[in-house]
$ cat target33.txt   # compact mmCIF, C-alpha atoms and all ligand atoms
# COMPACT_ATOMS: atom_id res chain seq x y z
CA MET A 1 20.19 91.27 179.04
CA THR A 2 19.53 91.42 182.74
CA SER A 3 16.22 92.55 184.18
CA GLU A 4 17.77 93.15 187.60
CA PHE A 5 15.98 96.00 189.36
CA THR A 6 14.63 96.97 192.77
CA LEU A 7 11.47 98.73 193.87
CA SER A 8 11.91 101.42 196.49
CA GLU A 9 10.79 104.83 197.70
CA PHE A 10 11.72 108.00 195.85
CA LEU A 11 14.27 110.16 197.69
CA PRO A 12 14.71 113.94 197.32
CA SER A 13 18.13 113.20 195.75
CA ASP A 14 16.39 111.37 192.84
CA ALA A 15 14.99 114.60 191.34
CA ALA A 16 17.71 115.06 188.70
CA ASP A 17 17.46 111.43 187.45
CA LEU A 18 13.66 111.58 187.35
CA THR A 19 13.83 114.85 185.40
CA ALA A 20 16.24 113.26 182.90
CA ILE A 21 13.94 110.25 182.31
CA LEU A 22 10.97 112.51 181.71
CA GLN A 23 12.63 114.36 178.84
CA ASP A 24 11.69 111.27 176.74
CA GLN A 25 8.90 112.43 174.41
CA THR A 26 7.64 108.86 173.91
CA ILE A 27 6.61 108.82 177.58
CA HIS A 28 4.70 112.09 177.05
CA GLN A 29 3.04 110.81 173.85
CA ASN A 30 1.80 107.76 175.79
CA THR A 31 0.59 109.46 178.99
CA LEU A 32 -1.93 112.15 179.90
CA SER A 33 -1.00 114.06 183.01
CA ILE A 34 2.80 114.27 183.33
CA PRO A 35 3.88 117.92 182.85
CA ASN A 36 5.70 118.55 179.55
CA PRO A 37 8.25 120.12 179.50
CA TYR A 38 9.24 118.39 182.74
CA THR A 39 11.44 120.38 185.12
CA GLU A 40 13.32 119.58 188.33
CA ALA A 41 10.63 121.56 190.20
CA ASP A 42 8.02 119.11 188.83
CA ALA A 43 10.21 116.21 190.00
CA ASN A 44 10.58 117.71 193.49
CA ARG A 45 6.81 118.19 193.75
CA PHE A 46 6.11 114.60 192.68
CA ILE A 47 8.78 113.15 194.98
CA ASN A 48 7.40 115.09 197.97
CA TYR A 49 3.92 113.80 197.15
CA CYS A 50 5.28 110.23 197.07
CA ILE A 51 7.21 110.67 200.34
CA ASN A 52 4.04 111.90 202.10
CA ASN A 53 2.04 108.96 200.74
CA HIS A 54 4.69 106.49 201.90
CA LYS A 55 4.67 108.01 205.38
CA LYS A 56 0.91 107.56 205.62
CA TRP A 57 1.00 103.99 204.25
CA LYS A 58 3.71 103.09 206.77
CA GLU A 59 1.62 104.52 209.64
CA ASP A 60 -1.38 102.51 208.39
CA GLY A 61 0.76 99.35 208.00
CA LYS A 62 -0.10 99.03 204.29
CA PRO A 63 2.23 98.02 201.43
CA PRO A 64 3.12 100.98 199.19
CA LEU A 65 1.09 101.57 196.04
CA GLN A 66 3.82 103.67 194.43
CA ASN A 67 7.53 102.96 193.93
CA CYS A 68 10.44 104.07 191.87
CA ILE A 69 12.34 101.42 189.94
CA ARG A 70 16.13 101.39 190.42
CA ASN A 71 18.87 99.66 188.44
CA SER A 72 21.62 97.61 190.11
CA ASP A 73 23.57 100.84 190.80
CA GLY A 74 20.59 102.30 192.67
CA LYS A 75 19.84 104.84 189.92
CA VAL A 76 16.17 105.61 189.21
CA ILE A 77 15.06 104.11 185.86
CA GLY A 78 11.27 104.28 186.16
CA SER A 79 8.15 104.63 188.21
CA ILE A 80 5.08 102.48 188.85
CA GLY A 81 1.94 102.95 190.90
CA VAL A 82 -1.70 102.07 191.47
CA ASP A 83 -4.23 104.83 192.13
CA ILE A 84 -7.28 103.78 194.11
CA ALA A 85 -10.28 105.15 192.20
CA GLU A 86 -12.79 107.40 193.98
CA PRO A 87 -15.51 105.14 195.43
CA VAL A 88 -18.63 105.03 193.26
CA ARG A 89 -21.91 103.55 194.47
CA PHE A 90 -22.52 100.00 193.24
CA ARG A 91 -18.96 99.72 191.87
CA PRO A 92 -16.18 97.52 193.34
CA THR A 93 -12.94 98.96 194.75
CA ARG A 94 -10.88 99.70 191.67
CA GLY A 95 -7.18 100.39 191.18
CA ILE A 96 -5.79 102.17 188.14
CA ILE A 97 -2.24 101.40 187.02
CA GLY A 98 0.42 103.78 185.72
CA TYR A 99 4.08 103.21 184.82
CA TYR A 100 6.99 104.36 182.68
CA LEU A 101 10.57 103.30 182.16
CA HIS A 102 13.86 104.90 181.06
CA LYS A 103 14.18 104.32 177.31
CA ASP A 104 17.48 102.39 177.63
CA TYR A 105 15.80 99.73 179.83
CA LYS A 106 12.81 98.87 177.62
CA GLY A 107 12.25 95.36 176.33
CA ARG A 108 13.80 93.52 179.32
CA GLY A 109 10.52 92.58 180.98
CA ILE A 110 11.11 95.00 183.87
CA ILE A 111 7.64 96.57 183.99
CA PRO A 112 5.74 93.23 183.83
CA LYS A 113 7.83 91.93 186.75
CA ALA A 114 7.26 95.13 188.75
CA LEU A 115 3.57 95.04 187.91
CA GLU A 116 3.25 91.50 189.34
CA VAL A 117 4.41 92.91 192.68
CA PHE A 118 1.85 95.72 192.54
CA ILE A 119 -0.96 93.35 191.55
CA ALA A 120 -0.24 91.24 194.67
CA ARG A 121 -0.16 94.36 196.87
CA ALA A 122 -3.39 95.83 195.46
CA PHE A 123 -5.30 92.53 195.78
CA SER A 124 -3.97 91.89 199.31
CA PRO A 125 -6.43 92.30 202.21
CA ASP A 126 -4.58 95.55 203.10
CA TRP A 127 -5.94 97.29 199.99
CA ASN A 128 -8.76 94.97 199.07
CA VAL A 129 -8.92 96.06 195.43
CA GLU A 130 -11.37 93.90 193.47
CA ARG A 131 -10.67 95.12 189.95
CA LEU A 132 -7.40 96.45 188.51
CA GLU A 133 -7.65 98.57 185.39
CA GLY A 134 -5.05 99.46 182.79
CA ASP A 135 -5.90 102.09 180.19
CA THR A 136 -3.62 102.82 177.25
CA PHE A 137 -3.83 104.99 174.18
CA SER A 138 -4.78 102.57 171.40
CA PHE A 139 -1.45 103.15 169.57
CA ASN A 140 0.57 102.05 172.63
CA ALA A 141 1.05 98.37 171.77
CA SER A 142 4.00 97.93 174.20
CA SER A 143 1.88 98.87 177.19
CA GLY A 144 -0.98 96.65 176.01
CA ARG A 145 1.50 93.75 175.87
CA VAL A 146 2.56 94.44 179.46
CA PHE A 147 -1.05 94.10 180.64
CA GLU A 148 -1.62 90.94 178.60
CA LYS A 149 1.58 89.36 179.93
CA CYS A 150 0.32 90.01 183.47
CA GLY A 151 -3.02 88.29 182.85
CA PHE A 152 -5.22 91.34 182.16
CA GLN A 153 -8.04 90.90 179.68
CA TYR A 154 -8.48 93.28 176.79
CA GLU A 155 -11.97 94.71 177.27
CA GLY A 156 -12.23 96.83 174.17
CA CYS A 157 -11.51 100.10 172.45
CA MET A 158 -13.11 103.27 173.78
CA ARG A 159 -13.34 105.46 170.68
CA GLY A 160 -12.45 109.15 171.06
CA TYR A 161 -12.08 108.64 174.83
CA TYR A 162 -9.26 111.13 175.52
CA LYS A 163 -9.02 114.84 174.78
CA LYS A 164 -5.36 115.59 175.40
CA PRO A 165 -4.27 119.23 175.64
CA GLY A 166 -2.22 120.19 172.58
CA VAL A 167 -3.49 117.21 170.51
CA GLU A 168 -6.12 118.13 167.92
CA ASP A 169 -7.82 114.76 167.44
CA LEU A 170 -9.54 112.78 170.15
CA ILE A 171 -7.51 109.70 171.10
CA ASP A 172 -8.93 106.17 171.24
CA GLY A 173 -8.28 104.24 174.45
CA ASN A 174 -7.71 100.52 174.94
CA SER A 175 -9.08 99.12 178.16
CA TYR A 176 -7.58 96.17 180.09
CA ALA A 177 -8.67 94.74 183.42
CA LEU A 178 -7.81 92.00 185.90
CA LEU A 179 -10.30 90.81 188.51
CA ARG A 180 -9.07 89.64 191.91
CA LYS A 181 -11.01 86.39 191.61
CA ASP A 182 -9.29 85.60 188.25
CA TRP A 183 -5.88 86.45 189.68
CA GLU A 184 -6.48 84.24 192.76
CA LYS A 185 -7.53 81.37 190.46
CA LYS A 186 -4.37 81.85 188.33
CA ILE A 187 -2.13 81.90 191.44
CA LYS A 188 -3.70 78.61 192.65
CA GLU A 189 -3.23 77.00 189.20
CA ASP A 190 0.42 78.18 189.05
CA ILE A 191 1.12 76.57 192.45
CA ILE A 192 -0.46 73.20 191.51
C1 LIG B 201 5.31 100.40 178.01
C2 LIG B 201 6.57 100.17 178.83
C3 LIG B 201 6.28 100.55 180.25
C4 LIG B 201 6.93 98.68 178.71
O1 LIG B 201 7.88 98.32 179.71
P1 LIG B 201 8.99 97.18 179.46
O2 LIG B 201 9.63 96.86 180.74
O3 LIG B 201 9.84 97.58 178.33
O4 LIG B 201 8.05 95.95 179.01
P2 LIG B 201 8.50 94.62 178.24
O5 LIG B 201 9.97 94.44 178.27
O6 LIG B 201 7.64 93.53 178.75
O7 LIG B 201 8.09 94.92 176.74
C5 LIG B 201 6.70 95.03 176.42
C6 LIG B 201 6.56 95.09 174.91
O8 LIG B 201 7.21 96.28 174.43
C7 LIG B 201 7.74 96.03 173.12
N1 LIG B 201 9.16 96.40 173.16
C8 LIG B 201 10.25 95.60 173.38
N2 LIG B 201 11.38 96.33 173.31
C9 LIG B 201 11.01 97.59 173.06
C10 LIG B 201 11.73 98.79 172.87
N3 LIG B 201 13.07 98.82 172.93
N4 LIG B 201 11.02 99.92 172.65
C11 LIG B 201 9.69 99.91 172.62
N5 LIG B 201 8.94 98.80 172.78
C12 LIG B 201 9.60 97.65 172.98
C13 LIG B 201 7.49 94.59 172.79
O9 LIG B 201 6.30 94.52 172.04
C14 LIG B 201 7.26 93.97 174.16
O10 LIG B 201 6.42 92.86 174.11
P3 LIG B 201 7.07 91.37 173.94
O11 LIG B 201 7.88 91.12 175.19
O12 LIG B 201 5.89 90.47 173.83
O13 LIG B 201 7.94 91.41 172.73
C15 LIG B 201 7.75 101.03 178.34
O14 LIG B 201 7.91 100.78 176.96
C16 LIG B 201 7.54 102.53 178.55
O15 LIG B 201 7.94 103.09 179.54
N6 LIG B 201 6.90 103.21 177.56
C17 LIG B 201 6.68 104.65 177.65
C18 LIG B 201 5.67 105.04 178.74
C19 LIG B 201 4.36 104.29 178.62
O16 LIG B 201 3.92 103.94 177.53
N7 LIG B 201 3.72 104.08 179.78
C20 LIG B 201 2.46 103.39 179.85
C21 LIG B 201 1.32 104.34 179.62
S1 LIG B 201 -0.23 103.45 179.57
$ encode --input "target33.txt" --output "structure tokens" --more "lines below"
Ligand SMILES: CC(C)(COP(=O)(O)OP(=O)(O)OC[C@H]1O[C@@H](n2cnc3c(N)ncnc32)[C@H](O)[C@@H]1OP(=O)(O)O)[C@@H](O)C(=O)NCCC(=O)NCCS
Amino acid sequence: MTSEFTLSEFLPSDAADLTAILQDQTIHQNTLSIPNPYTEADANRFINYCINNHKKWKEDGKPPLQNCIRNSDGKVIGSIGVDIAEPVRFRPTRGIIGYYLHKDYKGRGIIPKALEVFIARAFSPDWNVERLEGDTFSFNASSGRVFEKCGFQYEGCMRGYYKKPGVEDLIDGNSYALLRKDWEKKIKEDII
């Protein structure tokens, strides 16, 4: 199977494809803040938000921290992004990763390859992130594998960490992180 894909900006014309992807209930079971049910109005809102962010990043000369993932026909098959965490005193600059993929494209290594691109962007001097964090629900083994394949360390289980609307029990969270200094060391070792 091919893992051919491109990373690009969302366009207003992508709203129907994005809406179709986000009918997948597995994505909703594994994520916290994506509206469910997901409508074309939700897609339009999100795409506008992304377009505004891209405009600002372009003006600032910074690489984008959000992209859609397209297949070889240019159709949207997923989304990936890094949110810069609110600055907290005595804490490094942190980026928090989010992604999802169309169900027919899972298992081809697409998200790990896309994530490598976002790791390099976040750790570049443009963004200067020092610590990248990936948080999953503890039952989401596929997402945990993605982080491990990209060199993140498993840092532990946060018991009862999430209180998701509509879900009775608290959900345990698995925490993964990659430090810039570890990533730079790995890059050097890969080159040698
Ligand atoms: C998690 C997700 C992004 C993984 O992306 P991907 O491009 O399929 O990643 P990979 O191909 O590297 O597969 C990762 C792991 O998923 C598992 N996997 C493989 N095929 C799969 C399939 N068809 N369905 C579900 N999981 C599968 C395997 O354990 C694989 O690890 P392995 O390569 O060591 O065998 C994708 O499954 C997804 O969108 N899930 C729903 C949304 C989600 O969970 N988002 C993350 C929230 S934290």
$ residues_near_ligand --input "target33.txt" --ligand "ligand LIG 201 (chain B)" --cutoff "10 Å" --atoms "all atoms listed in the file" --output "ChimeraX atom specification"
/A:3,21-22,24-32,77-80,97-115,134-150,173-175
$ residues_around --input "target33.txt" --residues "A:Leu65" --least-positions-apart "6" --cutoff "12 Å" --atoms "all atoms listed in the file" --output "PDB file with C-alpha atoms, in the coordinates of the input"
ATOM      1  CA  LEU A   7      11.470  98.730 193.870  1.00  0.00           C
ATOM      2  CA  SER A   8      11.910 101.420 196.490  1.00  0.00           C
ATOM      3  CA  GLU A   9      10.790 104.830 197.700  1.00  0.00           C
ATOM      4  CA  CYS A  50       5.280 110.230 197.070  1.00  0.00           C
ATOM      5  CA  ILE A  51       7.210 110.670 200.340  1.00  0.00           C
ATOM      6  CA  ASN A  53       2.040 108.960 200.740  1.00  0.00           C
ATOM      7  CA  HIS A  54       4.690 106.490 201.900  1.00  0.00           C
ATOM      8  CA  LYS A  55       4.670 108.010 205.380  1.00  0.00           C
ATOM      9  CA  LYS A  56       0.910 107.560 205.620  1.00  0.00           C
ATOM     10  CA  TRP A  57       1.000 103.990 204.250  1.00  0.00           C
ATOM     11  CA  LYS A  58       3.710 103.090 206.770  1.00  0.00           C
ATOM     12  CA  SER A  79       8.150 104.630 188.210  1.00  0.00           C
ATOM     13  CA  ILE A  80       5.080 102.480 188.850  1.00  0.00           C
ATOM     14  CA  GLY A  81       1.940 102.950 190.900  1.00  0.00           C
ATOM     15  CA  VAL A  82      -1.700 102.070 191.470  1.00  0.00           C
ATOM     16  CA  ASP A  83      -4.230 104.830 192.130  1.00  0.00           C
ATOM     17  CA  ILE A  84      -7.280 103.780 194.110  1.00  0.00           C
ATOM     18  CA  GLY A  95      -7.180 100.390 191.180  1.00  0.00           C
ATOM     19  CA  ILE A  96      -5.790 102.170 188.140  1.00  0.00           C
ATOM     20  CA  ILE A  97      -2.240 101.400 187.020  1.00  0.00           C
ATOM     21  CA  GLY A  98       0.420 103.780 185.720  1.00  0.00           C
ATOM     22  CA  TYR A  99       4.080 103.210 184.820  1.00  0.00           C
ATOM     23  CA  ALA A 114       7.260  95.130 188.750  1.00  0.00           C
ATOM     24  CA  LEU A 115       3.570  95.040 187.910  1.00  0.00           C
ATOM     25  CA  VAL A 117       4.410  92.910 192.680  1.00  0.00           C
ATOM     26  CA  PHE A 118       1.850  95.720 192.540  1.00  0.00           C
ATOM     27  CA  ILE A 119      -0.960  93.350 191.550  1.00  0.00           C
ATOM     28  CA  ALA A 120      -0.240  91.240 194.670  1.00  0.00           C
ATOM     29  CA  ARG A 121      -0.160  94.360 196.870  1.00  0.00           C
ATOM     30  CA  ALA A 122      -3.390  95.830 195.460  1.00  0.00           C
ATOM     31  CA  PHE A 123      -5.300  92.530 195.780  1.00  0.00           C
ATOM     32  CA  SER A 124      -3.970  91.890 199.310  1.00  0.00           C
ATOM     33  CA  ASP A 126      -4.580  95.550 203.100  1.00  0.00           C
ATOM     34  CA  TRP A 127      -5.940  97.290 199.990  1.00  0.00           C
ATOM     35  CA  VAL A 129      -8.920  96.060 195.430  1.00  0.00           C
TER      36      VAL A 129
END
$ closest_residue --input "target33.txt" --among "A:Glu116, A:Leu178, A:Tyr161, A:Gly166" --to "A:Glu130" --atoms "all atoms listed in the file"
A:Leu178
$ closest_residue --input "target33.txt" --among "A:Ala177, A:Ala16, A:Phe10, A:Asp73" --to "A:Thr39" --atoms "only C-alpha atoms"
A:Ala16
$ closest_residue --input "target33.txt" --among "A:Gln23, A:Asn71, A:Ser13, A:Gln66" --to "A:Asn44" --atoms "all atoms listed in the file"
A:Ser13
$ atom_distance --input "target33.txt" --atom1 "atom CA of A:Arg131" --atom2 "atom CA of A:Pro92"
6.9 Å
$ atom_distance --input "target33.txt" --atom1 "atom CA of A:Tyr49" --atom2 "atom CA of A:Pro87"
21.3 Å
$ atom_distance --input "target33.txt" --atom1 "atom CA of A:Gln153" --atom2 "atom CA of A:Tyr176"
5.3 Å
$ residues_around --input "target33.txt" --residues "A:Lys164" --least-positions-apart "6" --cutoff "9 Å" --atoms "all atoms listed in the file" --output "PDB file with C-alpha atoms, in the frame of the given file"
ATOM      1  CA  LEU A  32      -1.930 112.150 179.900  1.00  0.00           C
ATOM      2  CA  SER A  33      -1.000 114.060 183.010  1.00  0.00           C
ATOM      3  CA  LEU A 170      -9.540 112.780 170.150  1.00  0.00           C
ATOM      4  CA  ILE A 171      -7.510 109.700 171.100  1.00  0.00           C
TER       5      ILE A 171
END
